[in-house]
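Novice: Just structure-v2.cif, nothing more (mmCIF, C-alpha atoms):
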```
data_run
#
loop_
_atom_site.label_atom_id
_atom_site.label_comp_id
_atom_site.auth_asym_id
_atom_site.auth_seq_id
_atom_site.Cartn_x
_atom_site.Cartn_y
_atom_site.Cartn_z
CA MET A 2 57.50 71.74 154.77
CA ILE A 3 57.96 75.04 152.90
CA ALA A 4 60.11 77.52 154.80
CA ALA A 5 58.53 80.85 155.72
CA ILE A 6 59.08 83.72 153.28
CA ASP A 7 61.06 86.66 154.65
CA ASP A 8 59.03 89.87 154.29
CA ASN A 9 61.93 92.21 155.08
CA LEU A 10 62.69 93.55 151.61
CA PHE A 11 65.65 95.48 153.05
CA SER A 12 67.43 92.36 154.34
CA PRO A 13 71.07 92.25 153.19
CA GLU A 14 70.48 88.97 151.38
CA ILE A 15 67.60 90.35 149.30
CA ILE A 16 69.41 93.62 148.54
CA ALA A 17 72.46 91.65 147.36
CA ASP A 18 70.47 89.09 145.38
CA PRO A 19 66.84 89.97 144.63
CA TYR A 20 66.62 87.31 141.93
CA THR A 21 66.70 84.24 144.16
CA TYR A 22 64.18 85.73 146.58
CA PHE A 23 61.70 87.06 144.03
CA GLY A 24 62.19 83.95 141.90
CA ARG A 25 60.98 81.88 144.83
CA LEU A 26 57.96 84.14 145.23
CA ARG A 27 57.26 83.84 141.51
CA GLU A 28 57.13 80.06 141.81
CA GLU A 29 55.48 79.61 145.21
CA ASP A 30 53.33 82.69 145.81
CA PRO A 31 53.16 85.04 142.78
CA ALA A 32 50.55 87.24 144.50
CA HIS A 33 52.17 87.53 147.94
CA TRP A 34 50.90 89.67 150.80
CA ASN A 35 53.91 91.25 152.51
CA LYS A 36 52.80 91.83 156.10
CA LYS A 37 55.84 93.88 157.11
CA PHE A 38 55.30 96.59 154.51
CA GLY A 39 51.56 96.12 154.01
CA GLN A 40 51.58 95.54 150.27
CA TRP A 41 50.95 92.91 147.63
CA ILE A 42 54.04 91.68 145.77
CA PHE A 43 53.49 90.48 142.19
CA THR A 44 56.38 88.70 140.48
CA ARG A 45 55.12 87.23 137.20
CA TYR A 46 55.58 88.88 133.82
CA ASP A 47 51.95 88.59 132.68
CA ASP A 48 50.66 90.15 135.90
CA LEU A 49 53.01 93.13 135.61
CA VAL A 50 52.08 93.84 131.99
CA TRP A 51 48.37 93.37 132.67
CA ALA A 52 48.38 95.72 135.67
CA ALA A 53 50.48 98.37 133.90
CA ARG A 54 47.97 98.40 131.04
CA HIS A 55 44.95 98.67 133.34
CA ASP A 56 45.57 101.94 135.11
CA GLU A 57 41.84 102.17 135.77
CA LEU A 58 42.45 99.35 138.27
CA PHE A 59 45.89 100.31 139.58
CA SER A 60 46.53 103.98 140.25
CA SER A 61 49.82 105.86 140.09
CA GLU A 62 48.46 108.55 142.40
CA LEU A 63 50.40 107.05 145.30
CA ILE A 64 50.66 110.21 147.35
CA GLN A 65 47.04 111.21 146.91
CA ARG A 66 45.63 107.72 147.59
CA ASP A 67 48.10 105.95 149.90
CA THR A 68 46.91 106.20 153.50
CA GLY A 69 49.33 103.61 154.94
CA LEU A 70 52.48 104.24 156.94
CA PRO A 71 55.59 105.01 154.88
CA TYR A 72 58.42 102.52 154.58
CA PRO A 73 61.09 102.46 155.64
CA PRO A 74 59.45 104.06 158.70
CA VAL A 75 59.80 107.82 159.04
CA SER A 76 61.02 109.11 162.41
CA GLU A 77 59.23 111.89 164.26
CA GLU A 78 61.93 114.42 163.41
CA ASP A 79 61.58 113.51 159.72
CA GLN A 80 57.82 114.04 159.47
CA GLU A 81 58.04 117.64 158.25
CA SER A 82 60.54 116.67 155.56
CA ASN A 83 58.36 113.74 154.55
CA SER A 84 55.35 116.03 154.13
CA TYR A 85 57.36 118.40 151.94
CA ILE A 86 58.61 115.54 149.74
CA ARG A 87 55.09 114.19 149.30
CA SER A 88 53.80 117.63 148.35
CA PHE A 89 56.63 118.28 145.89
CA THR A 90 56.60 114.89 144.15
CA SER A 91 52.80 114.79 143.88
CA ASN A 92 53.19 117.40 141.10
CA MET A 93 55.16 115.02 138.86
CA PHE A 94 53.27 113.49 135.94
CA ILE A 95 54.41 110.02 136.95
CA ARG A 96 52.25 110.49 140.06
CA GLN A 97 49.11 111.20 138.02
CA ASP A 98 46.46 109.05 136.34
CA ARG A 99 44.78 109.72 133.03
CA PRO A 100 43.68 112.15 131.75
CA ARG A 101 45.94 114.47 133.78
CA HIS A 102 48.95 112.21 133.27
CA THR A 103 48.51 112.32 129.49
CA GLU A 104 48.19 116.10 129.42
CA MET A 105 51.28 116.68 131.58
CA ARG A 106 53.45 114.07 129.84
CA SER A 107 52.52 115.35 126.37
CA VAL A 108 54.35 118.62 127.12
CA VAL A 109 57.75 116.91 126.94
CA HIS A 110 56.89 113.70 125.08
CA GLY A 111 58.07 114.93 121.67
CA SER A 112 61.50 115.79 123.06
CA PHE A 113 62.07 112.11 123.88
CA SER A 114 60.91 110.56 120.60
CA PRO A 115 63.37 108.21 118.83
CA LYS A 116 64.15 110.85 116.19
CA SER A 117 64.68 113.64 118.74
CA ILE A 118 66.89 111.51 120.95
CA ASP A 119 69.00 110.19 118.07
CA SER A 120 69.91 113.77 117.23
CA TRP A 121 71.74 113.85 120.57
CA ARG A 122 73.96 110.87 119.70
CA PRO A 123 77.01 113.07 118.91
CA LEU A 124 76.63 114.73 122.32
CA VAL A 125 76.48 111.35 124.08
CA GLN A 126 79.55 110.14 122.17
CA SER A 127 81.44 113.33 122.98
CA ALA A 128 80.56 113.11 126.69
CA ILE A 129 81.73 109.50 126.82
CA GLN A 130 85.04 110.27 125.17
CA TYR A 131 85.58 113.27 127.44
CA LEU A 132 85.10 111.12 130.54
CA LEU A 133 87.18 108.18 129.33
CA ASP A 134 90.04 110.36 128.08
CA GLY A 135 90.80 111.29 131.65
CA TYR A 136 91.46 107.67 132.65
CA GLY A 137 93.05 106.03 129.62
CA GLU A 138 96.59 106.25 131.02
CA LYS A 139 95.65 105.49 134.63
CA GLY A 140 94.59 101.93 133.95
CA GLU A 141 91.83 101.94 136.57
CA MET A 142 88.75 103.83 137.76
CA ASP A 143 85.66 103.50 139.87
CA LEU A 144 83.36 103.01 136.90
CA MET A 145 80.31 104.12 138.86
CA LYS A 146 81.67 107.35 140.33
CA ASP A 147 84.06 108.33 137.55
CA PHE A 148 82.04 107.38 134.46
CA ALA A 149 78.49 106.02 134.85
CA SER A 150 77.39 108.71 137.32
CA PRO A 151 78.66 111.85 135.54
CA LEU A 152 77.71 110.65 132.04
CA PRO A 153 73.90 111.06 132.24
CA VAL A 154 74.29 114.36 134.08
CA LEU A 155 76.46 115.76 131.27
CA VAL A 156 73.88 114.67 128.70
CA ILE A 157 70.58 115.63 130.36
CA ALA A 158 72.05 118.91 131.64
CA GLU A 159 73.07 119.86 128.11
CA MET A 160 69.64 118.89 126.79
CA MET A 161 67.95 121.01 129.44
CA GLY A 162 70.28 123.99 129.06
CA ILE A 163 71.98 123.77 132.47
CA PRO A 164 75.25 125.75 132.59
CA ALA A 165 78.34 123.53 132.69
CA GLU A 166 79.53 124.97 136.00
CA ASP A 167 76.28 123.86 137.71
CA ARG A 168 76.29 120.21 136.68
CA GLU A 169 78.07 118.85 139.74
CA PHE A 170 75.41 120.58 141.83
CA ILE A 171 72.70 118.85 139.77
CA ARG A 172 74.32 115.46 140.35
CA SER A 173 74.61 116.07 144.09
CA SER A 174 71.01 117.22 144.45
CA SER A 175 69.73 114.31 142.36
CA ASN A 176 71.53 111.83 144.60
CA LYS A 177 69.89 113.35 147.65
CA GLN A 178 66.41 113.11 146.14
CA PHE A 179 66.62 109.33 145.85
CA LEU A 180 67.43 108.85 149.54
CA ALA A 181 63.74 108.97 150.51
CA ALA A 182 63.17 105.35 149.45
CA ARG A 183 66.34 104.00 151.06
CA GLU A 184 67.32 103.05 154.54
CA GLY A 185 69.58 105.49 156.34
CA GLU A 186 69.79 108.06 159.10
CA ASN A 187 68.05 111.41 158.39
CA ARG A 188 67.27 110.22 154.88
CA MET A 189 64.07 112.26 154.59
CA GLN A 190 65.79 115.47 155.65
CA LYS A 191 68.50 114.92 153.06
CA ALA A 192 65.95 114.03 150.36
CA ALA A 193 63.87 117.11 151.17
CA GLU A 194 67.02 119.21 150.98
CA GLY A 195 67.70 117.80 147.51
CA ASN A 196 64.18 118.62 146.34
CA ARG A 197 64.32 122.16 147.76
CA GLU A 198 67.75 122.82 146.27
CA MET A 199 66.60 121.69 142.84
CA ALA A 200 63.37 123.71 142.95
CA GLU A 201 65.13 126.88 144.10
CA TYR A 202 67.78 126.45 141.41
CA LEU A 203 65.31 125.76 138.58
CA ASP A 204 62.77 128.45 139.45
CA PRO A 205 64.64 131.48 137.98
CA LEU A 206 65.71 129.44 134.93
CA ILE A 207 62.11 128.54 134.11
CA GLN A 208 61.02 132.11 134.78
CA ASP A 209 63.61 133.36 132.29
CA ARG A 210 62.49 130.91 129.61
CA LEU A 211 58.88 132.06 129.81
CA SER A 212 59.98 135.06 127.74
CA ASN A 213 63.29 133.76 126.38
CA ASP A 214 62.92 130.44 124.56
CA LYS A 215 66.42 128.97 124.23
CA GLY A 216 65.40 125.88 122.30
CA ASP A 217 66.28 123.56 125.19
CA LEU A 218 64.23 121.17 127.31
CA LEU A 219 63.73 123.72 130.08
CA SER A 220 62.14 125.99 127.48
CA VAL A 221 59.77 123.14 126.60
CA VAL A 222 58.81 122.80 130.27
CA ALA A 223 58.36 126.57 130.55
CA ALA A 224 56.12 126.51 127.47
CA GLY A 225 53.99 123.97 129.29
CA GLU A 226 53.51 126.48 132.09
CA LYS A 227 52.86 129.27 129.64
CA ASN A 228 50.06 127.39 127.86
CA GLY A 229 48.44 126.28 131.11
CA SER A 230 49.46 122.60 131.07
CA TYR A 231 51.62 123.12 134.17
CA THR A 232 51.43 125.31 137.23
CA ARG A 233 54.81 126.67 138.38
CA GLU A 234 54.95 123.97 141.05
CA GLU A 235 54.32 121.29 138.42
CA ALA A 236 56.91 122.79 136.07
CA LEU A 237 59.53 122.72 138.84
CA ALA A 238 58.67 119.19 139.92
CA ASN A 239 58.73 117.76 136.41
CA ALA A 240 61.95 119.55 135.42
CA SER A 241 63.50 118.18 138.61
CA MET A 242 62.22 114.70 137.80
CA LEU A 243 63.74 114.80 134.29
CA LEU A 244 67.14 115.73 135.71
CA ALA A 245 67.10 113.12 138.48
CA ALA A 246 65.42 110.16 136.78
CA GLY A 247 67.73 110.21 133.77
CA HIS A 248 70.71 110.11 136.10
CA GLU A 249 69.65 107.04 138.09
CA THR A 250 68.48 104.90 135.17
CA THR A 251 71.58 105.25 132.99
CA LEU A 252 73.98 104.98 135.92
CA ASN A 253 72.49 101.61 136.89
CA LEU A 254 72.20 100.36 133.31
CA VAL A 255 75.90 100.98 132.64
CA CYS A 256 77.21 99.65 135.95
CA ASN A 257 74.98 96.59 136.13
CA GLY A 258 75.67 95.85 132.49
CA VAL A 259 79.45 96.09 132.83
CA LEU A 260 79.34 93.86 135.91
CA ALA A 261 77.28 91.30 133.99
CA PHE A 262 79.85 91.35 131.18
CA ILE A 263 82.76 90.90 133.62
CA ARG A 264 81.02 87.98 135.34
CA ASN A 265 80.23 86.40 131.97
CA PRO A 266 83.56 86.73 130.12
CA GLU A 267 82.41 84.65 127.15
CA GLN A 268 79.74 87.26 126.48
CA TRP A 269 82.31 90.05 126.74
CA GLN A 270 84.54 88.23 124.25
CA LEU A 271 81.57 87.91 121.89
CA PHE A 272 80.65 91.56 122.28
CA LYS A 273 84.23 92.78 121.65
CA LYS A 274 84.31 91.08 118.26
CA ASN A 275 81.78 93.56 116.90
CA PRO A 276 80.54 96.06 119.47
CA VAL A 277 78.86 98.30 116.88
CA GLU A 278 76.72 95.48 115.53
CA MET A 279 76.05 93.91 118.95
CA ALA A 280 75.34 97.10 120.91
CA LEU A 281 71.57 97.10 120.51
CA LYS A 282 70.98 93.47 121.52
CA ALA A 283 73.60 93.63 124.28
CA THR A 284 72.02 96.71 125.83
CA GLU A 285 68.57 95.12 125.78
CA GLU A 286 69.95 92.03 127.50
CA CYS A 287 71.67 94.15 130.15
CA LEU A 288 68.31 95.82 130.78
CA ARG A 289 66.56 92.45 131.09
CA TYR A 290 69.19 90.60 133.10
CA ASP A 291 69.83 93.19 135.84
CA PRO A 292 67.47 96.16 135.28
CA PRO A 293 68.07 99.64 136.74
CA LEU A 294 64.72 99.66 138.56
CA LYS A 295 63.48 96.70 140.60
CA GLY A 296 59.80 97.47 140.11
CA PHE A 297 56.99 99.95 140.53
CA GLN A 298 54.22 100.55 143.03
CA ARG A 299 50.51 101.19 142.47
CA ILE A 300 47.37 101.62 144.58
CA ALA A 301 44.33 99.44 143.82
CA GLN A 302 41.48 101.68 142.64
CA LYS A 303 38.82 99.03 143.23
CA ASP A 304 38.50 95.44 144.42
CA VAL A 305 40.13 93.07 141.94
CA GLU A 306 41.14 89.41 141.97
CA VAL A 307 44.65 88.41 140.94
CA ARG A 308 45.95 84.82 141.09
CA GLY A 309 43.03 83.87 143.26
CA LYS A 310 43.75 86.63 145.80
CA LEU A 311 41.34 89.49 146.49
CA ILE A 312 43.11 92.84 146.18
CA ARG A 313 40.96 95.42 147.92
CA GLU A 314 40.49 99.05 146.96
CA GLY A 315 43.26 101.13 148.54
CA ASP A 316 45.72 98.23 148.90
CA ARG A 317 49.36 98.90 148.03
CA THR A 318 50.71 96.75 145.20
CA ARG A 319 54.27 96.32 143.96
CA PHE A 320 55.11 94.77 140.59
CA VAL A 321 58.66 93.38 140.48
CA THR A 322 60.49 94.05 137.22
CA SER A 323 63.51 92.07 138.40
CA SER A 324 61.38 88.94 138.63
CA ALA A 325 59.22 89.52 135.55
CA ASN A 326 62.33 89.85 133.40
CA ARG A 327 63.40 86.35 134.46
CA ASP A 328 60.04 84.65 134.17
CA PRO A 329 60.63 81.26 132.49
CA ALA A 330 57.15 81.46 131.00
CA VAL A 331 58.48 84.25 128.75
CA PHE A 332 62.28 83.88 128.56
CA THR A 333 64.25 80.74 127.70
CA ASN A 334 67.08 80.13 130.19
CA PRO A 335 66.07 83.34 132.03
CA ASP A 336 68.99 83.32 134.47
CA LYS A 337 71.54 83.20 131.66
CA PHE A 338 73.12 86.44 130.42
CA ASP A 339 72.92 86.09 126.64
CA ILE A 340 73.57 89.11 124.43
CA THR A 341 72.29 87.26 121.35
CA ARG A 342 68.84 86.91 122.91
CA TRP A 343 66.20 88.16 120.46
CA PRO A 344 63.42 89.05 120.55
CA ASN A 345 63.80 90.42 124.06
CA PRO A 346 60.43 91.66 125.36
CA HIS A 347 61.74 92.74 128.76
CA VAL A 348 59.84 95.21 130.93
CA ALA A 349 62.79 97.13 132.36
CA PHE A 350 61.01 100.36 131.41
CA GLY A 351 57.57 99.23 132.51
CA SER A 352 54.56 99.01 130.22
CA GLY A 353 51.34 100.80 129.38
CA VAL A 354 50.78 104.56 129.58
CA HIS A 355 53.47 104.95 132.24
CA HIS A 356 56.15 103.32 130.08
CA CYS A 357 59.35 105.22 130.90
CA LEU A 358 59.57 108.55 129.05
CA GLY A 359 63.37 108.38 128.88
CA VAL A 360 63.61 104.91 127.36
CA ASN A 361 65.22 106.08 124.11
CA LEU A 362 67.79 108.23 125.88
CA ALA A 363 68.78 105.46 128.31
CA ARG A 364 69.15 102.99 125.45
CA LEU A 365 71.30 105.42 123.47
CA GLU A 366 73.57 106.12 126.43
CA GLY A 367 73.89 102.42 127.23
CA GLN A 368 74.72 101.44 123.66
CA GLU A 369 77.36 104.12 123.24
CA ALA A 370 78.88 103.46 126.68
CA PHE A 371 79.25 99.71 126.12
CA LYS A 372 80.68 100.25 122.62
CA SER A 373 83.27 102.74 123.82
CA LEU A 374 84.34 100.63 126.79
CA ALA A 375 84.83 97.58 124.54
CA GLU A 376 86.84 99.57 122.02
CA ARG A 377 89.03 101.45 124.50
CA PHE A 378 89.32 99.06 127.44
CA PRO A 379 88.84 95.55 126.01
CA ASN A 380 90.60 93.92 128.97
CA ILE A 381 88.39 95.47 131.63
CA GLN A 382 88.23 93.51 134.85
CA LEU A 383 86.88 93.81 138.36
CA GLN A 384 89.25 94.97 141.09
CA THR A 385 87.28 93.62 144.03
CA GLU A 386 85.17 90.64 145.03
CA GLU A 387 83.20 92.72 147.54
CA ILE A 388 80.28 94.06 145.56
CA ALA A 389 77.68 96.00 147.56
CA TYR A 390 74.36 97.56 146.59
CA GLN A 391 72.60 100.56 148.04
CA PRO A 392 69.78 99.55 150.43
CA SER A 393 66.76 100.27 148.23
CA ILE A 394 63.77 98.20 147.18
CA GLY A 395 63.14 100.49 144.22
CA VAL A 396 66.47 100.79 142.41
CA ARG A 397 69.36 98.41 141.73
CA THR A 398 72.35 100.66 142.43
CA LEU A 399 75.92 99.62 143.21
CA GLU A 400 77.87 101.39 145.93
CA SER A 401 80.91 101.40 143.66
CA LEU A 402 82.45 99.46 140.75
CA PRO A 403 86.27 99.56 140.78
CA VAL A 404 87.73 98.23 137.51
CA SER A 405 91.05 98.07 135.71
CA TRP A 406 92.19 97.25 132.16
CA GLY A 407 95.80 96.29 132.53
#
```
Take the structure in this file and express it as structure tokens.
Specialist:
Amino acid sequence: MIAAIDDNLFSPEIIADPYTYFGRLREEDPAHWNKKFGQWIFTRYDDLVWAARHDELFSSELIQRDTGLPYPPVSEEDQESNSYIRSFTSNMFIRQDRPRHTEMRSVVHGSFSPKSIDSWRPLVQSAIQYLLDGYGEKGEMDLMKDFASPLPVLVIAEMMGIPAEDREFIRSSSNKQFLAAREGENRMQKAAEGNREMAEYLDPLIQDRLSNDKGDLLSVVAAGEKNGSYTREEALANASMLLAAGHETTLNLVCNGVLAFIRNPEQWQLFKKNPVEMALKATEECLRYDPPLKGFQRIAQKDVEVRGKLIREGDRTRFVTSSANRDPAVFTNPDKFDITRWPNPHVAFGSGVHHCLGVNLARLEGQEAFKSLAERFPNIQLQTEEIAYQPSIGVRTLESLPVSWG
């Protein structure tokens, strides 16, 4: 008899190890109705790619179309904060469908092209060396808090033209914004506070750039308002999203990747032999093996059948990147961390028109971070056996990652 499937996606076991749980779903029930959260869970690679490329069937307008109760549940005292968060985030282009999504994204798209992002490589390298220089003699650090977390803030803040003295504030506010999708007391109030702080901070900066183009990313956003592509509310929301999203993705890529290397020492030995040559493939495998984001949610725009199940218009759907990236129908030995794996058609950044805007920046930061760590701290090792992850069904984020390099 097949044991019942646990629908509590916040259970400690699933947070610690999503791969065993979603792997079971992928094999036994790839189109699974989760009663607890009222959503369909899809775990196979082909289904994720198909749905992401058919946005006429699966909408990203979650806030506008989702009429179900939020999860985790929102307390009565958090309702006002929840309403504010929904209003603020509904202005982000990732919460739009075509053609509005295309128009809003096109404002900043050119700034994240491969050529544009590669021009920032010296900045990324400089930021990495600056952060690592402070710990070379100490022999240990919390890699998450001391390196992986500040790195993307230094980079995206410079790209956007944020003054150096304000970057710790940006990191703090970004962290608050992500609390909405996690379990925790007063999480919505804290998340709303993060959104308000960011909007109030960015508003005068965008206003200044309407008449004073400084050649930075905030000036690009302001130009979008000036030409009518954005309202002020949309400009604020999308500038805030660029600051926050870049932080979370790179932080998780670096930490999850380093942990994978430490737990697979033969792969670390292989990487250290030639980190420059291996950086691209190694980073792609880190993204596949333990991706920064666990998946994405959509709302069914019409009745559609998937895996013999009828998905009705208005149903919530979640497509699990963590499972798709280990689908044996696509990847040989999918549970093996192999930095020579190529080609590597992972979907860590999604697919279709909503394919992650910051993909080139995250890849650049990951490549340079792994190279520098291998060159400067080749004997890196974990200082604890107690690894814990933040309670989120959306992101794969460690609580901390203490390491040493004796």
Novice: Give me, as a VMD selection string, all polymer residues having an atom no more than 10 Å from Phe179 (chain A), counting all atoms listed in the file and skipping those fewer than 6 positions away in the same chain.
Specialist: chain A and resid 188 to 189 191 to 193 195 to 196 245 to 246 249 393 395 to 396
Novice: Deliver the residues from the most recent selection as a file, using C-alpha atoms, as a JSON list (two decimals), in the frame of the given file.
Specialist:
```
[["chain", "number", "residue", "atom", "x", "y", "z"],
["A", 188, "ARG", "CA", 67.27, 110.22, 154.88],
["A", 189, "MET", "CA", 64.07, 112.26, 154.59],
["A", 191, "LYS", "CA", 68.50, 114.92, 153.06],
["A", 192, "ALA", "CA", 65.95, 114.03, 150.36],
["A", 193, "ALA", "CA", 63.87, 117.11, 151.17],
["A", 195, "GLY", "CA", 67.70, 117.80, 147.51],
["A", 196, "ASN", "CA", 64.18, 118.62, 146.34],
["A", 245, "ALA", "CA", 67.10, 113.12, 138.48],
["A", 246, "ALA", "CA", 65.42, 110.16, 136.78],
["A", 249, "GLU", "CA", 69.65, 107.04, 138.09],
["A", 393, "SER", "CA", 66.76, 100.27, 148.23],
["A", 395, "GLY", "CA", 63.14, 100.49, 144.22],
["A", 396, "VAL", "CA", 66.47, 100.79, 142.41]]
```
Novice: So, with only C-alpha atoms as the atoms that count, which of A:Gly359, A:Leu180, A:Leu243, A:Ser373 lies closest to Tyr131 (chain A)?
Specialist: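 Nearest candidate to Tyr131 (chain A) out of A:Gly359, A:Leu180, A:Leu243, A:Ser373: A:Ser373.
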Novice: Which residues, named as in the file, does the PyMOL selection byres ((chain A and resi 127) around 12) pick out? Answer as an mmCIF file with C-alpha atoms, keeping the file's coordinate frame.
Specialist:
```cif
data_model
loop_
_atom_site.group_PDB
_atom_site.id
_atom_site.type_symbol
_atom_site.label_atom_id
_atom_site.label_comp_id
_atom_site.auth_asym_id
_atom_site.auth_seq_id
_atom_site.Cartn_x
_atom_site.Cartn_y
_atom_site.Cartn_z
ATOM 1 C CA TRP A 121 71.740 113.850 120.570
ATOM 2 C CA ARG A 122 73.960 110.870 119.700
ATOM 3 C CA PRO A 123 77.010 113.070 118.910
ATOM 4 C CA LEU A 124 76.630 114.730 122.320
ATOM 5 C CA VAL A 125 76.480 111.350 124.080
ATOM 6 C CA GLN A 126 79.550 110.140 122.170
ATOM 7 C CA ALA A 128 80.560 113.110 126.690
ATOM 8 C CA ILE A 129 81.730 109.500 126.820
ATOM 9 C CA GLN A 130 85.040 110.270 125.170
ATOM 10 C CA TYR A 131 85.580 113.270 127.440
ATOM 11 C CA LEU A 132 85.100 111.120 130.540
ATOM 12 C CA LEU A 133 87.180 108.180 129.330
ATOM 13 C CA ASP A 134 90.040 110.360 128.080
ATOM 14 C CA LEU A 152 77.710 110.650 132.040
ATOM 15 C CA LEU A 155 76.460 115.760 131.270
ATOM 16 C CA VAL A 156 73.880 114.670 128.700
ATOM 17 C CA GLU A 159 73.070 119.860 128.110
ATOM 18 C CA GLU A 366 73.570 106.120 126.430
ATOM 19 C CA GLU A 369 77.360 104.120 123.240
ATOM 20 C CA ALA A 370 78.880 103.460 126.680
ATOM 21 C CA SER A 373 83.270 102.740 123.820
#
```
Novice: Evaluated on this file, the PyMOL selection byres ((chain A and resi 387) around 12) picks out some residues - which ones are they, written as a ChimeraX atom specification?
Specialist: /A:17,383-386,388-390,399-403
Novice: Quote the spacing between CA of Glu77 (chain A) and CA of Gln190 (chain A) in Å to one decimal place.
Specialist: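 That distance, rounded to one decimal, is 11.4 Å.
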Novice: One decimal, in Å: what's the spacing between CA of Ile15 (chain A) and CA of Ser150 (chain A)?
Specialist: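 So the two atoms, CA of Ile15 (chain A) and CA of Ser150 (chain A), lie 24.0 Å apart.
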Novice: Considering all atoms listed in the file, return as a PyMOL selection string whatever protein or nucleic-acid residues lie within 8 Å of Ile394 (chain A), sequence-local ones (same chain, fewer than 5 positions apart) excluded.
Specialist: chain A and resi 10-11+16+182-183+295
Novice: What is the distance, in Å and to one decimal place, between CA of Asn265 (chain A) and CA of Ala149 (chain A)?
Specialist: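 Taking CA of Asn265 (chain A) and CA of Ala149 (chain A), their separation equals 19.9 Å.
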Novice: Smallest atom-to-atom distance to Gly229 (chain A): which of A:Ile157, A:Val108, A:Ala363, A:Ile163, using all atoms listed in the file?
Specialist: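 Among A:Ile157, A:Val108, A:Ala363, A:Ile163, it is A:Val108 that comes nearest to Gly229 (chain A).
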Novice: Take the PyMOL selection byres ((chain A and resi 223) around 9), run it mentally on this structure, and tell me the resulting residues as a list in words.
Specialist: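 Evaluating the PyMOL selection byres ((chain A and resi 223) around 9) on this file yields Ile207, Gln208, Asp209, Arg210, Leu211, Asp214, Leu218, Leu219, Ser220, Val221, Val222, Ala224, Gly225, Glu226, Lys227, Asn228, Tyr231, Arg233 and Ala236 of chain A.
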Novice: Output C-alpha atoms for every residue in that selection, as a short mmCIF file (atom, residue, chain, number, x, y, z; two decimals), in the frame of the given file.
Specialist:
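And here's result_4.cif as it stands now:
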```cif
data_model
loop_
_atom_site.label_atom_id
_atom_site.label_comp_id
_atom_site.auth_asym_id
_atom_site.auth_seq_id
_atom_site.Cartn_x
_atom_site.Cartn_y
_atom_site.Cartn_z
CA ILE A 207 62.11 128.54 134.11
CA GLN A 208 61.02 132.11 134.78
CA ASP A 209 63.61 133.36 132.29
CA ARG A 210 62.49 130.91 129.61
CA LEU A 211 58.88 132.06 129.81
CA ASP A 214 62.92 130.44 124.56
CA LEU A 218 64.23 121.17 127.31
CA LEU A 219 63.73 123.72 130.08
CA SER A 220 62.14 125.99 127.48
CA VAL A 221 59.77 123.14 126.60
CA VAL A 222 58.81 122.80 130.27
CA ALA A 224 56.12 126.51 127.47
CA GLY A 225 53.99 123.97 129.29
CA GLU A 226 53.51 126.48 132.09
CA LYS A 227 52.86 129.27 129.64
CA ASN A 228 50.06 127.39 127.86
CA TYR A 231 51.62 123.12 134.17
CA ARG A 233 54.81 126.67 138.38
CA ALA A 236 56.91 122.79 136.07
#
```
Novice: Skip Gly315 (chain A) itself and residues of its chain fewer than 2 positions away, then list as a list in words all residues within 8 Å of it, counting all atoms listed in the file.
Specialist: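 Here the qualifying residues turn out to be Arg66, Asp67, Thr68, Ile300, Ala301, Gln302, Lys303, Arg313 and Arg317 of chain A.
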Novice: Considering all atoms listed in the file, can you say which of A:Asp339, A:Gly367, A:Pro19, A:Asn83 comes closest to Glu267 (chain A)?
Specialist: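 Among the listed residues, the smallest separation from Glu267 (chain A) belongs to A:Asp339.
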Novice: Export region 360-369 of chain A of the preceding structure, keeping N, CA and C atoms, as a PDB file, in the first residue's frame.
Specialist:
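Below you can see part04.pdb, which holds the result:
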```
ATOM      1  N   VAL A 360      19.456  36.502 -15.247  1.00  0.00           N
ATOM      2  CA  VAL A 360      20.197  35.252 -15.429  1.00  0.00           C
ATOM      3  C   VAL A 360      21.680  35.498 -15.708  1.00  0.00           C
ATOM      4  N   ASN A 361      22.002  36.451 -16.560  1.00  0.00           N
ATOM      5  CA  ASN A 361      23.411  36.670 -16.917  1.00  0.00           C
ATOM      6  C   ASN A 361      24.214  37.234 -15.755  1.00  0.00           C
ATOM      7  N   LEU A 362      23.582  38.084 -14.945  1.00  0.00           N
ATOM      8  CA  LEU A 362      24.266  38.642 -13.787  1.00  0.00           C
ATOM      9  C   LEU A 362      24.508  37.568 -12.732  1.00  0.00           C
ATOM     10  N   ALA A 363      23.511  36.738 -12.459  1.00  0.00           N
ATOM     11  CA  ALA A 363      23.673  35.670 -11.470  1.00  0.00           C
ATOM     12  C   ALA A 363      24.768  34.700 -11.893  1.00  0.00           C
ATOM     13  N   ARG A 364      24.787  34.356 -13.169  1.00  0.00           N
ATOM     14  CA  ARG A 364      25.823  33.439 -13.664  1.00  0.00           C
ATOM     15  C   ARG A 364      27.209  34.055 -13.508  1.00  0.00           C
ATOM     16  N   LEU A 365      27.341  35.324 -13.863  1.00  0.00           N
ATOM     17  CA  LEU A 365      28.631  36.003 -13.736  1.00  0.00           C
ATOM     18  C   LEU A 365      29.095  36.017 -12.289  1.00  0.00           C
ATOM     19  N   GLU A 366      28.213  36.372 -11.377  1.00  0.00           N
ATOM     20  CA  GLU A 366      28.581  36.434  -9.961  1.00  0.00           C
ATOM     21  C   GLU A 366      28.942  35.050  -9.433  1.00  0.00           C
ATOM     22  N   GLY A 367      28.195  34.037  -9.839  1.00  0.00           N
ATOM     23  CA  GLY A 367      28.498  32.679  -9.399  1.00  0.00           C
ATOM     24  C   GLY A 367      29.845  32.210  -9.910  1.00  0.00           C
ATOM     25  N   GLN A 368      30.108  32.411 -11.187  1.00  0.00           N
ATOM     26  CA  GLN A 368      31.382  31.985 -11.772  1.00  0.00           C
ATOM     27  C   GLN A 368      32.570  32.639 -11.077  1.00  0.00           C
ATOM     28  N   GLU A 369      32.486  33.947 -10.896  1.00  0.00           N
ATOM     29  CA  GLU A 369      33.607  34.662 -10.288  1.00  0.00           C
ATOM     30  C   GLU A 369      33.770  34.302  -8.810  1.00  0.00           C
TER      31      GLU A 369
END
```
